[in-house]
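Chemist: Provided below: input.txt, containing compact mmCIF, C-alpha atoms.
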# COMPACT_ATOMS: atom_id res chain seq x y z
CA MET L 15 -45.05 -67.01 0.17
CA ILE L 16 -45.50 -65.32 3.51
CA LEU L 17 -44.15 -66.80 6.74
CA THR L 18 -45.58 -65.66 10.06
CA GLY L 19 -45.40 -66.80 13.64
CA PRO L 20 -44.86 -65.37 17.12
CA SER L 21 -41.43 -63.95 18.00
CA GLY L 22 -39.05 -66.67 19.06
CA SER L 23 -40.95 -69.33 17.13
CA GLY L 24 -37.97 -69.99 14.84
CA LYS L 25 -38.74 -68.06 11.67
CA THR L 26 -35.21 -66.66 11.46
CA LEU L 27 -33.71 -70.06 12.31
CA LEU L 28 -35.72 -71.63 9.51
CA LEU L 29 -34.42 -69.08 7.01
CA ARG L 30 -30.85 -69.56 8.26
CA ALA L 31 -31.17 -73.32 7.86
CA LEU L 32 -32.53 -72.91 4.33
CA ALA L 33 -29.52 -70.73 3.46
CA ASP L 34 -27.30 -73.41 5.06
CA LEU L 35 -25.92 -70.95 7.58
CA ASP L 36 -26.50 -73.13 10.66
CA PRO L 37 -26.11 -76.87 11.15
CA HIS L 38 -29.53 -78.47 10.77
CA ASP L 39 -31.33 -81.79 10.36
CA GLY L 40 -33.09 -82.71 7.16
CA VAL L 41 -32.30 -81.99 3.56
CA VAL L 42 -32.98 -78.78 1.64
CA ARG L 43 -33.40 -79.22 -2.10
CA LEU L 44 -33.55 -76.75 -4.95
CA ASP L 45 -34.97 -78.28 -8.16
CA GLY L 46 -34.26 -81.70 -6.69
CA VAL L 47 -30.59 -80.94 -5.93
CA ALA L 48 -29.69 -81.17 -2.23
CA ALA L 49 -27.76 -78.30 -0.66
CA ASP L 50 -24.96 -80.69 0.30
CA ALA L 51 -24.38 -81.49 -3.36
CA VAL L 52 -23.32 -77.97 -4.32
CA LYS L 53 -20.58 -75.72 -2.99
CA PRO L 54 -21.78 -73.67 0.01
CA ALA L 55 -20.97 -70.35 -1.68
CA HIS L 56 -22.83 -71.43 -4.80
CA TRP L 57 -25.86 -72.52 -2.76
CA ARG L 58 -26.04 -69.18 -0.95
CA ARG L 59 -25.87 -67.32 -4.24
CA SER L 60 -28.92 -69.27 -5.42
CA VAL L 61 -30.76 -69.14 -2.10
CA GLY L 62 -30.30 -65.53 -0.99
CA LEU L 63 -31.10 -64.60 2.60
CA LEU L 64 -31.71 -60.97 3.58
CA PRO L 65 -31.28 -60.77 7.39
CA ALA L 66 -33.45 -58.43 9.45
CA ASP L 67 -30.40 -56.26 10.21
CA SER L 68 -27.98 -55.66 7.39
CA ALA L 69 -24.24 -55.87 8.10
CA TRP L 70 -21.47 -53.94 6.32
CA TRP L 71 -17.80 -54.79 6.39
CA ALA L 72 -16.18 -51.86 4.53
CA ASP L 73 -16.55 -48.09 5.03
CA ARG L 74 -17.65 -47.22 1.50
CA VAL L 75 -21.06 -48.26 0.19
CA GLY L 76 -19.61 -48.99 -3.25
CA ASP L 77 -17.24 -51.62 -1.84
CA HIS L 78 -20.26 -53.78 -1.05
CA LEU L 79 -22.03 -53.46 -4.39
CA VAL L 80 -20.17 -54.72 -7.41
CA ASP L 81 -21.40 -52.95 -10.52
CA PRO L 82 -24.93 -52.13 -9.27
CA ASP L 83 -27.81 -51.63 -11.66
CA PRO L 84 -28.47 -47.83 -11.86
CA GLU L 85 -32.13 -48.46 -12.61
CA ALA L 86 -32.57 -50.55 -9.48
CA LEU L 87 -30.70 -47.90 -7.47
CA ALA L 88 -33.04 -45.23 -8.77
CA SER L 89 -36.12 -47.35 -8.13
CA LEU L 90 -35.16 -47.47 -4.45
CA GLY L 91 -34.63 -43.71 -4.38
CA PHE L 92 -30.82 -43.53 -4.63
CA GLU L 93 -28.55 -41.43 -6.83
CA ARG L 94 -25.42 -43.03 -8.25
CA ASP L 95 -23.23 -41.04 -5.85
CA VAL L 96 -24.53 -43.17 -2.99
CA LEU L 97 -21.70 -45.54 -3.90
CA ASP L 98 -19.16 -43.05 -2.56
CA TRP L 99 -21.02 -42.53 0.68
CA SER L 100 -19.77 -43.84 3.95
CA VAL L 101 -21.90 -46.64 5.36
CA SER L 102 -22.09 -44.83 8.70
CA ARG L 103 -23.95 -41.99 6.95
CA LEU L 104 -26.84 -44.25 5.96
CA SER L 105 -30.05 -44.49 7.94
CA SER L 106 -31.18 -47.97 8.90
CA GLY L 107 -33.86 -47.77 6.20
CA GLU L 108 -31.31 -46.83 3.54
CA ARG L 109 -29.08 -49.67 4.67
CA GLN L 110 -31.89 -52.16 4.38
CA ARG L 111 -32.79 -51.05 0.86
CA LEU L 112 -29.14 -51.18 -0.26
CA ALA L 113 -28.77 -54.60 1.35
CA LEU L 114 -31.67 -55.76 -0.79
CA LEU L 115 -29.95 -54.46 -3.93
CA ARG L 116 -26.71 -56.09 -2.85
CA LEU L 117 -28.51 -59.41 -2.55
CA LEU L 118 -30.43 -59.15 -5.81
CA ALA L 119 -27.17 -58.52 -7.68
CA ASN L 120 -26.42 -62.26 -7.20
CA ARG L 121 -29.61 -63.09 -9.13
CA PRO L 122 -30.78 -65.60 -6.48
CA ARG L 123 -33.43 -68.12 -7.55
CA VAL L 124 -34.94 -68.11 -4.08
CA LEU L 125 -35.28 -65.04 -1.89
CA LEU L 126 -35.48 -65.49 1.90
CA LEU L 127 -36.55 -62.16 3.35
CA ASP L 128 -36.53 -61.65 7.13
CA GLU L 129 -38.88 -58.71 7.76
CA PRO L 130 -37.35 -56.75 4.89
CA THR L 131 -39.42 -53.62 5.41
CA ALA L 132 -39.57 -53.50 9.22
CA ASN L 133 -37.21 -50.49 9.37
CA LEU L 134 -38.67 -48.63 6.42
CA ASP L 135 -41.21 -45.82 6.29
CA ALA L 136 -44.37 -46.38 4.24
CA ALA L 137 -42.97 -44.86 1.03
CA SER L 138 -39.67 -46.78 1.15
CA ALA L 139 -41.50 -49.97 2.04
CA ALA L 140 -43.68 -49.55 -1.05
CA HIS L 141 -40.54 -49.04 -3.20
CA ALA L 142 -38.95 -52.16 -1.74
CA GLU L 143 -42.11 -54.22 -2.22
CA ALA L 144 -42.32 -53.11 -5.83
CA LEU L 145 -38.68 -53.99 -6.45
CA ILE L 146 -39.08 -57.43 -4.92
CA ARG L 147 -42.24 -58.06 -6.95
CA ARG L 148 -40.52 -56.96 -10.17
CA TYR L 149 -37.56 -59.18 -9.41
CA ARG L 150 -39.81 -62.15 -8.65
CA ASP L 151 -41.72 -61.71 -11.90
CA SER L 152 -38.72 -61.06 -14.14
CA CYS L 153 -36.54 -63.87 -12.75
CA SER L 154 -39.42 -66.17 -11.77
CA ALA L 155 -37.84 -66.40 -8.34
CA ALA L 156 -39.46 -67.98 -5.31
CA VAL L 157 -39.84 -65.66 -2.32
CA LEU L 158 -40.23 -66.65 1.32
CA TRP L 159 -41.12 -63.47 3.18
CA VAL L 160 -41.28 -63.15 6.97
CA SER L 161 -43.76 -60.43 7.84
CA HIS L 162 -45.64 -59.29 10.92
CA ASP L 163 -47.80 -56.84 9.01
CA PRO L 164 -51.16 -58.43 8.01
CA ALA L 165 -51.83 -55.71 5.41
CA GLN L 166 -48.44 -56.35 3.79
CA ALA L 167 -48.98 -60.10 3.95
CA GLU L 168 -52.21 -59.72 2.03
CA ARG L 169 -50.61 -57.32 -0.46
CA VAL L 170 -47.52 -59.34 -1.40
CA GLY L 171 -48.29 -62.96 -0.57
CA ASP L 172 -50.02 -65.69 -2.56
CA ARG L 173 -49.72 -68.33 0.12
CA ARG L 174 -49.27 -68.11 3.82
CA LEU L 175 -47.27 -70.35 6.17
CA GLN L 176 -47.43 -70.07 9.92
CA ILE L 177 -45.24 -71.53 12.64
CA VAL L 178 -47.41 -72.62 15.56
CA ASP L 179 -45.92 -74.46 18.54
CA GLY L 180 -42.86 -75.40 16.53
CA HIS L 181 -44.84 -76.75 13.55
CA LEU L 182 -45.08 -75.23 10.13
CA ALA L 183 -48.62 -75.13 8.73
CA GLU L 184 -50.23 -73.57 5.69
CA ARG L 185 -53.14 -71.23 6.35
CA SER L 186 -55.78 -70.61 3.80
CA THR L 187 -57.10 -67.37 5.25
CA TRP L 188 -55.42 -64.09 6.17
CA SER L 189 -56.02 -63.19 9.77
CA MET I 8 37.34 -60.91 31.79
CA GLU I 9 35.92 -63.30 34.33
CA LEU I 10 32.45 -63.71 35.84
CA ILE I 11 32.21 -62.26 39.38
CA ARG I 12 30.34 -64.86 41.42
CA LEU I 13 27.53 -63.64 43.66
CA GLU I 14 27.26 -64.82 47.27
CA ALA I 15 24.02 -65.29 49.17
CA TRP I 16 24.58 -62.23 51.36
CA GLU I 17 25.16 -60.09 48.29
CA LEU I 18 21.82 -61.16 46.83
CA SER I 19 20.14 -60.46 50.16
CA VAL I 20 21.28 -56.83 49.94
CA ALA I 21 19.25 -56.57 46.72
CA ALA I 22 16.36 -58.45 48.34
CA ALA I 23 16.43 -55.99 51.25
CA LEU I 24 15.70 -53.19 48.78
CA VAL I 25 12.47 -54.94 47.74
CA VAL I 26 11.55 -55.55 51.39
CA ALA I 27 12.14 -51.86 52.09
CA LEU I 28 9.89 -50.93 49.16
CA SER I 29 7.15 -53.23 50.46
CA LEU I 30 7.39 -51.58 53.90
CA LEU I 31 7.24 -48.16 52.30
CA SER I 32 4.01 -49.14 50.55
CA LEU I 33 2.36 -49.69 53.98
CA PRO I 34 2.06 -46.04 55.09
CA LEU I 35 1.31 -45.04 51.50
CA ARG I 36 -1.53 -47.59 51.52
CA LEU I 37 -0.61 -48.85 48.05
CA ASP I 38 -1.83 -52.30 49.08
CA LEU I 39 1.20 -53.86 47.40
CA THR I 40 3.14 -55.16 50.40
CA ARG I 41 1.87 -58.70 50.16
CA SER I 42 2.15 -59.07 46.40
CA LEU I 43 5.66 -57.58 46.42
CA LEU I 44 6.87 -60.06 49.05
CA VAL I 45 5.07 -63.06 47.56
CA SER I 46 6.20 -62.30 44.01
CA GLY I 47 9.77 -61.75 45.17
CA LEU I 48 9.78 -65.03 47.01
CA ARG I 49 8.20 -66.90 44.09
CA MET I 50 10.72 -65.48 41.65
CA THR I 51 13.63 -66.52 43.88
CA ILE I 52 12.38 -70.07 44.38
CA GLN I 53 11.39 -70.58 40.72
CA LEU I 54 14.71 -69.34 39.38
CA LEU I 55 16.73 -71.34 41.92
CA LEU I 56 14.82 -74.46 40.86
CA VAL I 57 15.42 -73.70 37.19
CA GLY I 58 19.10 -73.21 38.01
CA LEU I 59 19.20 -76.64 39.64
CA VAL I 60 17.38 -78.28 36.72
CA LEU I 61 19.71 -76.68 34.21
CA LYS I 62 22.73 -77.70 36.26
CA ALA I 63 21.56 -81.32 36.29
CA LEU I 64 20.74 -81.12 32.58
CA PHE I 65 24.14 -79.72 31.63
CA GLU I 66 25.83 -82.45 33.62
CA SER I 67 23.72 -85.32 32.27
CA ARG I 68 24.43 -84.49 28.62
CA HIS I 69 21.81 -86.94 27.41
CA PRO I 70 19.65 -86.15 24.33
CA LEU I 71 16.54 -87.73 25.89
CA VAL I 72 16.77 -85.44 28.91
CA MET I 73 17.11 -82.49 26.58
CA ALA I 74 14.08 -83.69 24.58
CA ALA I 75 12.05 -84.06 27.79
CA ILE I 76 12.91 -80.52 28.85
CA ALA I 77 11.92 -79.20 25.41
CA ALA I 78 8.59 -81.06 25.62
CA VAL I 79 7.85 -79.61 29.06
CA MET I 80 8.69 -76.09 27.82
CA LEU I 81 6.36 -76.55 24.84
CA ALA I 82 3.53 -77.89 27.01
CA VAL I 83 3.77 -74.98 29.45
CA ALA I 84 3.89 -72.45 26.61
CA ALA I 85 0.84 -74.06 24.94
CA ARG I 86 -1.11 -73.85 28.19
CA GLU I 87 -0.18 -70.18 28.45
CA VAL I 88 -1.33 -69.50 24.86
CA ALA I 89 -4.72 -71.05 25.67
CA ALA I 90 -5.04 -69.10 28.93
CA ARG I 91 -4.28 -65.75 27.29
CA GLN I 92 -7.23 -65.88 24.89
CA GLU I 93 -10.50 -64.36 25.99
CA ARG I 94 -12.27 -66.89 23.76
CA ARG I 95 -10.51 -69.97 22.55
CA LEU I 96 -11.42 -73.04 20.52
CA ALA I 97 -13.15 -75.68 22.61
CA GLY I 98 -11.68 -79.06 23.40
CA THR I 99 -8.24 -80.23 22.34
CA TRP I 100 -8.13 -77.58 19.60
CA GLY I 101 -7.83 -74.76 22.14
CA TYR I 102 -4.66 -76.23 23.51
CA GLY I 103 -3.44 -78.20 20.52
CA LEU I 104 -3.54 -75.37 18.00
CA GLY I 105 -1.09 -73.24 19.99
CA ALA I 106 1.11 -76.26 20.67
CA LEU I 107 1.21 -77.24 17.00
CA ALA I 108 1.93 -73.70 15.80
CA MET I 109 4.71 -73.24 18.36
CA PHE I 110 6.17 -76.66 17.59
CA LEU I 111 6.25 -76.00 13.85
CA SER I 112 7.79 -72.55 14.27
CA SER I 113 10.08 -72.63 17.31
CA PHE I 114 11.42 -76.11 16.72
CA THR I 115 12.10 -75.41 13.03
CA MET I 116 14.00 -72.27 13.95
CA ILE I 117 16.01 -73.97 16.70
CA LEU I 118 16.94 -76.78 14.31
CA VAL I 119 18.13 -74.27 11.72
CA ALA I 120 20.06 -72.35 14.38
CA LEU I 121 21.75 -75.36 15.95
CA THR I 122 22.50 -77.50 12.90
CA ILE I 123 23.28 -74.86 10.28
CA ILE I 124 24.33 -71.68 12.07
CA VAL I 125 25.82 -72.20 15.56
CA ARG I 126 26.70 -75.91 15.12
CA PRO I 127 27.67 -76.86 18.70
CA GLU I 128 28.98 -80.38 19.24
CA PRO I 129 26.62 -82.28 19.68
CA TRP I 130 24.02 -80.07 18.04
CA TRP I 131 21.56 -80.39 20.96
CA THR I 132 24.10 -79.17 23.55
CA PRO I 133 21.80 -77.87 26.33
CA GLN I 134 23.92 -74.77 26.97
CA TYR I 135 22.84 -73.51 23.54
CA ALA I 136 19.56 -75.33 23.00
CA VAL I 137 17.78 -74.46 26.26
CA PRO I 138 18.23 -70.66 26.33
CA MET I 139 17.60 -70.27 22.60
CA LEU I 140 14.51 -72.47 22.67
CA GLY I 141 13.31 -70.57 25.73
CA MET I 142 13.57 -67.23 23.96
CA LEU I 143 11.95 -68.60 20.80
CA LEU I 144 9.06 -70.21 22.67
CA GLY I 145 8.53 -67.17 24.88
CA ASN I 146 8.19 -64.87 21.90
CA THR I 147 6.16 -67.15 19.63
CA MET I 148 3.88 -67.80 22.60
CA THR I 149 3.14 -64.10 22.96
CA GLY I 150 2.66 -63.60 19.22
CA ILE I 151 0.39 -66.61 18.75
CA ALA I 152 -1.69 -65.76 21.81
CA LEU I 153 -2.17 -62.17 20.59
CA ALA I 154 -3.10 -63.31 17.10
CA LEU I 155 -5.54 -66.03 18.17
CA ASP I 156 -7.14 -63.72 20.72
CA ARG I 157 -7.69 -61.12 17.99
CA LEU I 158 -9.00 -63.75 15.57
CA ASN I 159 -11.48 -65.42 17.93
CA GLN I 160 -12.66 -62.23 19.59
CA GLY I 161 -12.99 -60.59 16.18
CA ALA I 162 -15.05 -63.47 14.81
CA TRP I 163 -17.28 -63.26 17.87
CA GLU I 164 -17.85 -59.53 17.49
CA GLN I 165 -18.05 -59.42 13.71
CA ARG I 166 -20.37 -62.36 13.24
CA PRO I 167 -22.98 -60.28 11.34
CA GLN I 168 -20.35 -58.94 8.92
CA ILE I 169 -18.79 -62.35 8.32
CA GLU I 170 -22.18 -64.01 7.82
CA ALA I 171 -23.31 -61.19 5.53
CA ARG I 172 -20.43 -62.03 3.22
CA LEU I 173 -21.16 -65.75 3.42
CA LEU I 174 -24.78 -65.01 2.54
CA LEU I 175 -23.70 -63.08 -0.53
CA GLY I 176 -21.82 -66.13 -1.74
CA CYS I 177 -18.28 -65.40 -0.54
CA PRO I 178 -16.15 -68.43 0.31
CA ALA I 179 -15.33 -68.67 4.03
CA ALA I 180 -11.67 -67.75 3.46
CA GLU I 181 -12.74 -64.49 1.86
CA ALA I 182 -15.42 -63.75 4.44
CA ILE I 183 -12.84 -63.91 7.25
CA GLY I 184 -9.93 -62.61 5.14
CA ASP I 185 -9.78 -59.11 6.64
CA LEU I 186 -9.92 -60.46 10.16
CA ARG I 187 -7.27 -63.07 9.40
CA ARG I 188 -4.91 -60.41 8.11
CA ARG I 189 -5.51 -58.17 11.12
CA ALA I 190 -4.92 -61.08 13.52
CA ALA I 191 -1.67 -62.04 11.78
CA ARG I 192 -0.46 -58.43 11.95
CA ALA I 193 -1.40 -58.15 15.63
CA GLY I 194 0.68 -61.24 16.37
CA MET I 195 3.75 -60.14 14.44
CA LEU I 196 3.96 -56.38 14.96
CA PRO I 197 5.27 -56.34 18.57
CA THR I 198 8.29 -58.47 17.61
CA ILE I 199 8.96 -56.41 14.50
CA ASN I 200 8.88 -53.28 16.66
CA THR I 201 11.23 -54.89 19.16
CA MET I 202 13.65 -55.59 16.32
CA ALA I 203 13.47 -51.98 15.15
CA ALA I 204 14.09 -50.58 18.64
CA ALA I 205 16.81 -53.03 19.65
CA GLY I 206 19.93 -51.32 20.92
CA VAL I 207 18.46 -47.84 20.63
CA VAL I 208 15.63 -47.87 23.11
CA SER I 209 16.70 -50.85 25.15
CA LEU I 210 19.62 -53.22 25.36
CA PRO I 211 18.28 -56.72 24.71
CA GLY I 212 18.46 -59.04 27.73
CA MET I 213 20.50 -61.84 26.23
CA MET I 214 23.19 -59.50 24.99
CA THR I 215 23.34 -57.73 28.36
CA GLY I 216 23.68 -61.10 30.08
CA GLN I 217 26.48 -62.25 27.85
CA ILE I 218 28.37 -59.00 28.37
CA LEU I 219 27.97 -59.33 32.15
CA ALA I 220 29.26 -62.89 31.87
CA GLY I 221 32.40 -61.60 30.21
CA SER I 222 31.77 -62.03 26.48
CA PRO I 223 33.29 -59.45 24.16
CA PRO I 224 30.49 -57.00 23.27
CA VAL I 225 30.74 -57.62 19.54
CA GLU I 226 30.32 -61.39 20.04
CA ALA I 227 27.33 -60.76 22.30
CA VAL I 228 25.84 -58.48 19.66
CA LYS I 229 26.21 -61.17 16.98
CA TYR I 230 24.30 -63.66 19.10
CA GLN I 231 21.63 -61.07 19.76
CA ILE I 232 21.24 -60.40 16.04
CA LEU I 233 20.99 -64.13 15.40
CA ILE I 234 18.33 -64.67 18.04
CA LEU I 235 16.27 -61.66 16.94
CA PHE I 236 16.19 -62.92 13.35
CA LEU I 237 15.16 -66.36 14.58
CA ILE I 238 12.50 -64.88 16.86
CA VAL I 239 10.95 -62.74 14.14
CA ALA I 240 10.93 -65.64 11.69
CA GLY I 241 9.58 -68.01 14.35
CA VAL I 242 6.84 -65.61 15.46
CA GLY I 243 5.90 -65.05 11.82
CA VAL I 244 5.63 -68.74 10.95
CA GLY I 245 3.89 -69.58 14.23
CA THR I 246 1.37 -66.76 13.90
CA LEU I 247 0.52 -67.64 10.29
CA VAL I 248 0.06 -71.33 11.09
CA ALA I 249 -2.11 -70.55 14.13
CA VAL I 250 -4.26 -67.93 12.37
CA TRP I 251 -4.79 -69.97 9.20
CA LEU I 252 -5.64 -73.20 11.02
CA GLY I 253 -7.67 -71.32 13.64
CA ALA I 254 -9.68 -69.50 10.98
CA ARG I 255 -10.40 -72.78 9.20
CA ARG I 256 -11.61 -74.34 12.41
CA LEU I 257 -14.08 -71.45 12.86
CA PHE I 258 -15.94 -72.78 9.82
CA ASP I 259 -17.28 -76.25 9.14
CA GLU I 260 -17.27 -78.23 5.90
CA ARG I 261 -20.37 -76.32 4.71
CA GLU I 262 -18.54 -73.03 5.34
CA ARG I 263 -20.81 -72.01 8.20
CA LEU I 264 -19.36 -69.76 10.90
CA ARG I 265 -19.26 -72.02 13.96
CA LEU I 266 -18.93 -69.74 16.98
CA ASP I 267 -20.24 -72.64 19.08
CA ARG I 268 -16.71 -74.01 18.78
CA LEU I 269 -15.41 -71.14 20.95
CA ARG I 270 -15.29 -71.17 24.73
CA GLN I 271 -14.97 -68.24 27.08
CA GLY I 272 -11.43 -68.31 28.45
Any chance you could put this one into structure tokens?

Modeler:
Amino acid sequence: MILTGPSGSGKTLLLRALADLDPHDGVVRLDGVAADAVKPAHWRRSVGLLPADSAWWADRVGDHLVDPDPEALASLGFERDVLDWSVSRLSSGERQRLALLRLLANRPRVLLLDEPTANLDAASAAHAEALIRRYRDSCSAAVLWVSHDPAQAERVGDRRLQIVDGHLAERSTWS
Amino acid sequence: MELIRLEAWELSVAAALVVALSLLSLPLRLDLTRSLLVSGLRMTIQLLLVGLVLKALFESRHPLVMAAIAAVMLAVAAREVAARQERRLAGTWGYGLGALAMFLSSFTMILVALTIIVRPEPWWTPQYAVPMLGMLLGNTMTGIALALDRLNQGAWEQRPQIEARLLLGCPAAEAIGDLRRRAARAGMLPTINTMAAAGVVSLPGMMTGQILAGSPPVEAVKYQILILFLIVAGVGVGTLVAVWLGARRLFDERERLRLDRLRQG
């Protein structure tokens, strides 16, 4: 599902609320179970948010990825030795792809992606799109994808939501 | 040995030195004349007032008066802890957290010192309680302020890193664990360093004072050792309490990082 809307319309805030990262009104449910009914950490493992800018707390890449899947690493264009790299050596595109891997390692049931390919060149973006699609199909995960790129929206999305004047509406056409 | 009493004219000789320095700063255009004179005057008045209060306190020998003095000392120290943080918790937490941490640490240590170690009669004898509590509060105040400043400022600056860990399913305590450790170390290290350097780099003030007042040096040293142990333990307990409670308050019951609970100092 693709989410669009002008900058500042609250797309990121919506994703943060869904991941229960900000105080919010209303109730978010996953398979009928409200977020409040499960432990916060457990909820965020099931409802995985990928922020627009990835953040890293240790120097070594490997300290952020517990036992990563070599196949997934390779599919995003990384060798295994990337785990010993320093985070500061990574380009912003590399960071974003590794952040995606880091998130998928939790096996989230819902993926909230905040412009996941905005920093990537065309080839890396295609790799990332393919990985997300494979993950969605293999784990039958739901994906809410914020995108500003109409071509990408058409490529990856089945349905399209738009925030207009603070209201969320479903659009039937791509425009 | 007996204490040599100082007369007013003898103190004014020392004061004249400061006045001379302030005059010297005029042609050098250091722009310090005013602050030198004002600070000197403030120090003199404040200390004379404290002297008078202590004199009255020592003469009254009433536990309630002693308790009132301790409460005032704690309140002033708590205000100072709040003022020394660039960002502090909003509302009563900003003030209350420091007060609680200092109360739990300094007052525990002073109770141990007075009832188990020094054992004056009665145990709250102001001559022992006031200076020891003053030193304990002064040091825990600095340690707690340093630690909370590091914690709150760190949370403010490292919000993306902390939230990234929350988003990956880390519990809040783990997401802020590194920062909590760094804040606790920042609060405790200066006192640990002071302990290591005591007597080699500098002669601690209390010991120097006791020697000047005529105590045998070895007795003065024993008191200094006692107070340094108490200070390090007090700073440690106070810092840990403040950092752990402060870190908890930075998150809500849904383990969201709540930077809206911080105010610019």

Chemist: Write out as JSON, numbers by chain every residue belonging to chain L that has an atom at most 7 Å from any atom of chain I, counting only C-alpha atoms.

Modeler: {"L": [35, 36, 54, 55, 56, 58, 59, 62, 63, 69, 70, 71, 117]}

Chemist: Near Ala142 (chain L), counting all atoms listed in the file, which residues have an atom at most 8 Å away, once you skip same-chain residues fewer than 5 positions from it, shown as a PyMOL selection string?

Modeler: chain L and resi 90+111+131

Chemist: To one decimal place, how far is CA of Pro20 (chain L) from CA of Pro65 (chain L) in Å?

Modeler: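 Here the two named atoms are 17.3 Å from each other.
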
Chemist: Excluding Leu112 (chain L) and any residue of its chain fewer than 5 positions from it, enumerate the residues within 9 Å of it, using all atoms listed in the file, and give them as a compact mmCIF listing (two decimals) with C-alpha atoms, keeping the file's coordinate frame.

Modeler:
# COMPACT_ATOMS: atom_id res chain seq x y z
CA SER L 68 -27.98 -55.66 7.39
CA VAL L 75 -21.06 -48.26 0.19
CA LEU L 79 -22.03 -53.46 -4.39
CA LEU L 87 -30.70 -47.90 -7.47
CA LEU L 90 -35.16 -47.47 -4.45
CA PHE L 92 -30.82 -43.53 -4.63
CA GLY L 107 -33.86 -47.77 6.20
CA LEU L 117 -28.51 -59.41 -2.55

Chemist: Mind giving me the straight-line distance from CA of Arg95 (chain I) to CA of Leu269 (chain I) in Å, one decimal?

Modeler: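 Distance reported for this atom pair: 5.3 Å.
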
Chemist: Region 241-252 of chain I: which residues within 7 Å, counting all atoms listed in the file, same-chain residues fewer than 6 positions away excluded, as a VMD selection string?

Modeler: chain I and resid 104 to 105 108 to 109 111 to 113 116 143 146 to 147 150 to 151 154 to 155 187 190 to 191 194 to 195

Chemist: Hey, which of L:Leu32, L:Ala66, L:Ala72, L:Ala86 ends up closest to Asp98 (chain L)? Count all atoms listed in the file.

Modeler: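 Using all atoms listed in the file, the shortest distance to Asp98 (chain L) belongs to L:Ala72.
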
Chemist: In file coordinates, which residues lie within 6 Å of (11.0, -59.8, 47.5) using only C-alpha atoms, given as a PDB file with C-alpha atoms, in the frame of the given file?

Modeler:
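point.pdb, written as the output of this step:
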ATOM      1  CA  ALA I  22      16.360 -58.450  48.340  1.00  0.00           C
ATOM      2  CA  VAL I  25      12.470 -54.940  47.740  1.00  0.00           C
ATOM      3  CA  VAL I  26      11.550 -55.550  51.390  1.00  0.00           C
ATOM      4  CA  LEU I  43       5.660 -57.580  46.420  1.00  0.00           C
ATOM      5  CA  LEU I  44       6.870 -60.060  49.050  1.00  0.00           C
ATOM      6  CA  GLY I  47       9.770 -61.750  45.170  1.00  0.00           C
ATOM      7  CA  LEU I  48       9.780 -65.030  47.010  1.00  0.00           C
TER       8      LEU I  48
END

Chemist: Would you mind reading off the distance between CA of Ala144 (chain L) and CA of Glu93 (chain L), one decimal, in Å?

Modeler: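 Computing it gives 18.1 Å between the two atoms.
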